[in-house]
Each structure stands twice: as C-alpha cells, then as structure tokens.
file structure_35.cif (mmCIF, C-alpha atoms)
data_structure
loop_
_atom_site.group_PDB
_atom_site.id
_atom_site.type_symbol
_atom_site.label_atom_id
_atom_site.label_comp_id
_atom_site.auth_asym_id
_atom_site.auth_seq_id
_atom_site.Cartn_x
_atom_site.Cartn_y
_atom_site.Cartn_z
ATOM 1 C CA MET S 1 2.407 -11.839 24.835
ATOM 2 C CA ARG S 2 1.591 -14.009 21.840
ATOM 3 C CA ARG S 3 3.064 -13.236 18.429
ATOM 4 C CA GLU S 4 -0.259 -12.079 16.954
ATOM 5 C CA GLU S 5 -0.939 -9.815 19.947
ATOM 6 C CA PHE S 6 2.559 -8.358 19.637
ATOM 7 C CA LYS S 7 2.047 -7.650 15.925
ATOM 8 C CA LYS S 8 -1.281 -5.952 16.582
ATOM 9 C CA GLU S 9 0.131 -3.843 19.428
ATOM 10 C CA LEU S 10 3.070 -2.802 17.280
ATOM 11 C CA GLU S 11 0.729 -1.824 14.446
ATOM 12 C CA ILE S 12 -1.203 0.337 16.904
ATOM 13 C CA ARG S 13 2.008 1.812 18.310
ATOM 14 C CA THR S 14 3.365 2.733 14.881
ATOM 15 C CA ARG S 15 0.037 4.279 13.849
ATOM 16 C CA ARG S 16 -0.082 6.274 17.090
ATOM 17 C CA PHE S 17 3.492 7.425 16.437
ATOM 18 C CA ALA S 18 2.574 8.596 12.925
ATOM 19 C CA VAL S 19 -0.355 10.599 14.299
ATOM 20 C CA GLN S 20 1.850 12.156 16.981
ATOM 21 C CA ILE S 21 4.367 13.190 14.325
ATOM 22 C CA LEU S 22 1.670 14.697 12.104
ATOM 23 C CA ASN S 23 0.161 16.567 15.054
ATOM 24 C CA ALA S 24 3.582 17.925 16.002
ATOM 25 C CA LEU S 25 4.330 18.968 12.422
ATOM 26 C CA ALA S 26 1.010 20.810 12.235
ATOM 27 C CA LYS S 27 2.279 23.036 15.048
ATOM 28 C CA PHE S 28 5.568 23.881 13.342
ATOM 29 C CA PRO S 29 5.837 27.503 12.288
ATOM 30 C CA GLU S 30 5.322 28.378 8.639
ATOM 31 C CA ARG S 31 8.870 28.835 7.443
ATOM 32 C CA ARG S 32 10.116 28.059 3.997
ATOM 33 C CA VAL S 33 13.232 26.364 5.345
ATOM 34 C CA LEU S 34 11.108 23.920 7.371
ATOM 35 C CA ASN S 35 9.040 22.756 4.408
ATOM 36 C CA VAL S 36 11.487 20.034 3.391
ATOM 37 C CA ILE S 37 11.753 18.758 6.964
ATOM 38 C CA VAL S 38 7.988 18.674 7.425
ATOM 39 C CA TYR S 39 7.469 16.905 4.114
ATOM 40 C CA GLN S 40 10.234 14.318 4.573
ATOM 41 C CA LEU S 41 9.419 13.640 8.218
ATOM 42 C CA ALA S 42 5.718 13.228 7.492
ATOM 43 C CA LYS S 43 6.557 10.749 4.726
ATOM 44 C CA SER S 44 9.075 8.660 6.658
ATOM 45 C CA ALA S 45 7.173 8.575 9.963
ATOM 46 C CA THR S 46 3.906 7.508 8.364
ATOM 47 C CA SER S 47 5.750 4.973 6.201
ATOM 48 C CA VAL S 48 7.032 3.147 9.271
ATOM 49 C CA GLY S 49 3.559 2.017 10.289
ATOM 50 C CA ALA S 50 2.209 1.580 6.775
ATOM 51 C CA ASN S 51 5.115 -0.631 5.769
ATOM 52 C CA TYR S 52 5.030 -2.550 9.038
ATOM 53 C CA ARG S 53 1.368 -3.335 8.375
ATOM 54 C CA GLU S 54 2.373 -4.634 4.939
ATOM 55 C CA THR S 55 5.124 -6.696 6.554
ATOM 56 C CA ASN S 56 2.529 -8.501 8.643
ATOM 57 C CA ARG S 57 0.718 -9.423 5.464
ATOM 58 C CA ALA S 58 3.794 -10.740 3.650
ATOM 59 C CA GLU S 59 3.313 -13.694 1.337
ATOM 60 C CA SER S 60 6.576 -15.437 2.171
ATOM 61 C CA LYS S 61 9.548 -15.234 4.496
ATOM 62 C CA ASP S 62 11.572 -13.471 1.805
ATOM 63 C CA ASP S 63 8.732 -10.996 1.277
ATOM 64 C CA PHE S 64 8.568 -10.431 5.050
ATOM 65 C CA ILE S 65 12.323 -9.796 5.245
ATOM 66 C CA HIS S 66 12.212 -7.407 2.296
ATOM 67 C CA LYS S 67 9.278 -5.421 3.686
ATOM 68 C CA LEU S 68 10.803 -5.344 7.146
ATOM 69 C CA SER S 69 14.019 -3.912 5.682
ATOM 70 C CA ILE S 70 11.941 -1.020 4.323
ATOM 71 C CA VAL S 71 10.486 -0.439 7.799
ATOM 72 C CA VAL S 72 14.002 -0.316 9.276
ATOM 73 C CA LYS S 73 15.107 2.201 6.636
ATOM 74 C CA GLU S 74 12.049 4.408 7.168
ATOM 75 C CA ALA S 75 12.528 4.309 10.952
ATOM 76 C CA SER S 76 16.170 5.293 10.515
ATOM 77 C CA GLU S 77 15.196 8.163 8.228
ATOM 78 C CA THR S 78 12.618 9.323 10.760
ATOM 79 C CA VAL S 79 15.294 9.423 13.462
ATOM 80 C CA TYR S 80 17.472 11.472 11.099
ATOM 81 C CA TRP S 81 14.798 14.096 10.430
ATOM 82 C CA LEU S 82 13.908 14.362 14.116
ATOM 83 C CA GLU S 83 17.597 14.906 14.907
ATOM 84 C CA ILE S 84 17.608 17.688 12.311
ATOM 85 C CA CYS S 85 14.580 19.200 14.066
ATOM 86 C CA GLN S 86 16.483 19.211 17.334
ATOM 87 C CA GLU S 87 19.502 20.905 15.798
ATOM 88 C CA THR S 88 17.958 23.521 13.515
ATOM 89 C CA ASP S 89 17.702 27.133 14.556
ATOM 90 C CA ALA S 90 14.533 27.362 12.458
ATOM 91 C CA LEU S 91 12.685 25.963 15.489
ATOM 92 C CA SER S 92 12.557 27.650 18.870
ATOM 93 C CA PRO S 93 14.138 25.955 21.898
ATOM 94 C CA GLU S 94 10.624 25.047 23.101
ATOM 95 C CA GLU S 95 9.709 23.556 19.724
ATOM 96 C CA ARG S 96 12.954 21.573 19.701
ATOM 97 C CA GLU S 97 12.190 20.326 23.212
ATOM 98 C CA ASN S 98 8.791 19.085 22.016
ATOM 99 C CA VAL S 99 10.623 16.830 19.558
ATOM 100 C CA VAL S 100 12.456 14.941 22.334
ATOM 101 C CA PRO S 101 9.723 12.369 23.127
ATOM 102 C CA LEU S 102 9.146 11.800 19.411
ATOM 103 C CA LEU S 103 12.844 11.188 18.876
ATOM 104 C CA THR S 104 12.909 8.795 21.825
ATOM 105 C CA GLU S 105 10.015 6.813 20.367
ATOM 106 C CA ALA S 106 11.567 6.837 16.892
ATOM 107 C CA LYS S 107 14.824 5.460 18.273
ATOM 108 C CA GLU S 108 12.958 2.766 20.206
ATOM 109 C CA LEU S 109 11.001 1.728 17.128
ATOM 110 C CA TYR S 110 14.163 1.699 15.022
ATOM 111 C CA ALA S 111 15.960 -0.502 17.560
ATOM 112 C CA LEU S 112 12.953 -2.817 17.825
ATOM 113 C CA PHE S 113 12.636 -3.263 14.070
ATOM 114 C CA GLN S 114 16.385 -3.763 13.722
ATOM 115 C CA SER S 115 16.225 -6.468 16.376
ATOM 116 C CA ILE S 116 13.305 -8.190 14.664
ATOM 117 C CA SER S 117 15.153 -8.021 11.365
ATOM 118 C CA ARG S 118 18.305 -9.559 12.836
ATOM 119 C CA SER S 119 16.353 -12.359 14.534
ATOM 120 C CA VAL S 120 14.488 -13.220 11.328
ATOM 121 C CA ARG S 121 17.642 -13.216 9.209
ATOM 122 C CA HIS S 122 19.761 -15.110 11.739
ATOM 123 C CA PRO S 123 17.478 -17.303 13.864
#

call {"tool": "encode", "arguments": {"input": "structure_35.cif", "output": "structure tokens"}}
result
Amino acid sequence: MRREEFKKELEIRTRRFAVQILNALAKFPERRVLNVIVYQLAKSATSVGANYRETNRAESKDDFIHKLSIVVKEASETVYWLEICQETDALSPEERENVVPLLTEAKELYALFQSISRSVRHP
C-alpha cells in the first residue's frame, strides 16, 4: 500500500473508531459517576482522528512530529478511559464486555501511532 493510501485508510479508521466510541457512549446508562468517563473518553477518542488528520497536513517534519506526539498521547488516554470502563462497577458486566472490541482497537491504534512516531524520530 502506498503512503498516501495508508494515510487515507488510517484517517478513515480513526474516524470510524471515534464514531464507534460515541455510539457506545450513547448507550451508557445515565449515572452521575459515569459523566466524567463519558466526557473524557468522547474527547480523547475523537481527538485521535482529528489530530491525526492535522498530522497529515503538517507544514514541516517538526510540525508532523509534534502533531503525531499529540495523537499518541490521545490514543494512550483513550486506552486509559476504556480500561476504566472495563473495571468500573458503574457498568454492568454486559456493558463492560461491549467495551472489549473498542479497547482492542484503541490499543492497536496506540501501538501503530507509537511505531510511526518512533520510525519518524529515528529513521
């Protein structure tokens, strides 16, 4: 796959991931204790794709590296909040189970962006 095709596919993948997260969060029960999780997870998960899109429009290599570092941080934060979802008693066992594929995807994206970051910094 060519570099431009890869970038486009990854933009689509991160957007799809953000939508999946938002759809899952919309199904969370209304509980005061979950509000912070829903808010933070919605922010970090949607930021992954938004910031990755900005990365692909960087004006220089330094700009690319800086923007990519934000993507890595947001992906890491998304993994964190999904892990919280899996561990909190505020969600039912079934609701926690529904988080598993999202957590898997978040970890894959995090690892992918970390790898890209390492390869750009240390070619």

call {"tool": "atom_distance", "arguments": {"input": "structure_35.cif", "atom1": "atom CA of Val38 of chain S", "atom2": "atom CA of Thr55 of chain S"}}
result
25.5 Å

call {"tool": "closest_residue", "arguments": {"input": "structure_35.cif", "among": "S:Ile21, S:Ile65, S:Val33, S:Met1", "to": "Ser119 of chain S", "atoms": "all atoms listed in the file"}}
result
S:Ile65

call {"tool": "resolve_selection", "arguments": {"input": "structure_35.cif", "expression": "the PyMOL selection byres ((chain S and resi 5-7) around 12)", "output": "list in words"}}
result
Met1, Arg2, Arg3, Glu4, Lys8, Glu9, Leu10, Glu11, Ile12, Arg13, Thr14, Gly49, Tyr52, Arg53, Glu54, Thr55, Asn56, Arg57, Leu112, Phe113 and Ile116 of chain S

call {"tool": "resolve_selection", "arguments": {"input": "structure_35.cif", "expression": "the PyMOL selection byres ((chain S and resi 88-90) around 10)", "output": "list in words"}}
result
Phe28, Pro29, Arg31, Arg32, Val33, Leu34, Glu83, Ile84, Cys85, Gln86, Glu87, Leu91, Ser92, Pro93, Glu95 and Arg96 of chain S

call {"tool": "closest_residue", "arguments": {"input": "structure_35.cif", "among": "S:Leu41, S:Gln20, S:Ser117, S:Lys27", "to": "Thr78 of chain S", "atoms": "only C-alpha atoms"}}
result
S:Leu41

call {"tool": "atom_distance", "arguments": {"input": "structure_35.cif", "atom1": "atom CA of Leu25 of chain S", "atom2": "atom CA of Ala42 of chain S"}}
result
7.7 Å

call {"tool": "atom_distance", "arguments": {"input": "structure_35.cif", "atom1": "atom CA of Ser47 of chain S", "atom2": "atom CA of Glu74 of chain S"}}
result
6.4 Å

call {"tool": "closest_residue", "arguments": {"input": "structure_35.cif", "among": "S:Trp81, S:Val48, S:Gln114, S:Asp63", "to": "Phe17 of chain S", "atoms": "all atoms listed in the file"}}
result
S:Val48

call {"tool": "closest_residue", "arguments": {"input": "structure_35.cif", "among": "S:Val36, S:Ala111, S:Leu22, S:Leu102", "to": "Val72 of chain S", "atoms": "only C-alpha atoms"}}
result
S:Ala111

call {"tool": "closest_residue", "arguments": {"input": "structure_35.cif", "among": "S:His122, S:Val99, S:Glu105, S:Ala75", "to": "Asn23 of chain S", "atoms": "only C-alpha atoms"}}
result
S:Val99
